[in-house]
Amino acid sequence: MQAVATTSLTILRGTTTDAYGDEQDTDTPKYTGIPASLVEQSRRVTTRDDPTPRIVHYAVSRVPAGTDVTDQDRVRDERTGAIYTVDAVSGMDNPALQVDRRLDLRRTT
């Protein structure tokens, strides 16, 4: 891993159906103890339609290459207990070495 790990993550995967037939996420850990760099940031955003500035919070994480994580998985920060939904997984191809995978996260708790 090229990024400096600031925490470790647990990948949560799986769903169940409640009494009304609605799908719900489960807190079933798929993998635990994954070293990760996790950075929360905020940005001021405006649009042409609405010039009123809004503050948008988001998080980005880097995990080792080859980590089995997919879009719509959830990850728990083992240091703080915060849970995030994985919006996107990306990584650059490099023929010389395996690069970290980037996770775009949205905080749910």
# chains A, B, ... in the order shown; residues from 1 in each chain; ligands from 1
$ select_by_dssp --residues "region 42-109 of chain A" --states "strand (DSSP E or B)" --output "PyMOL selection string"
chain A and resi 42-45+54-63+74-77+83-90+101-107
$ closest_residue --among "A:Asp27, A:Asp93, A:Asp104, A:Asp49" --to "Asp71 (chain A)" --atoms "only C-alpha atoms"
A:Asp104
$ closest_atom_pairs --of "region 27-106 of chain A" --to "region 13-21 of chain A" --cutoff "10 Å" --atoms "only C-alpha atoms" --output "CSV"
residue,atom,partner,partner_atom,distance
A:Asp27,CA,A:Arg13,CA,7.0
A:Thr28,CA,A:Arg13,CA,6.0
A:Pro29,CA,A:Arg13,CA,6.5
A:Lys30,CA,A:Arg13,CA,6.0
A:Tyr31,CA,A:Arg13,CA,9.1
A:Val69,CA,A:Arg13,CA,9.2
A:Thr70,CA,A:Arg13,CA,9.4
A:Gln72,CA,A:Arg13,CA,8.5
A:Asp73,CA,A:Arg13,CA,5.6
A:Arg74,CA,A:Arg13,CA,6.5
A:Val75,CA,A:Arg13,CA,8.6
$ atom_distance --atom1 "CA of Thr10 (chain A)" --atom2 "CA of Ala88 (chain A)"
16.8 Å
$ closest_residue --among "A:Val89, A:Ala82, A:Ile55, A:Val60" --to "Leu38 (chain A)" --atoms "only C-alpha atoms"
A:Val60
$ closest_residue --among "A:Asn94, A:Thr109, A:Thr26, A:Ser42" --to "His57 (chain A)" --atoms "only C-alpha atoms"
A:Ser42
$ residues_around --residues "region 1-6 of chain A" --least-positions-apart "3" --cutoff "10 Å" --atoms "only C-alpha atoms" --output "PyMOL selection string"
chain A and resi 34-39+61-65+79+98-101
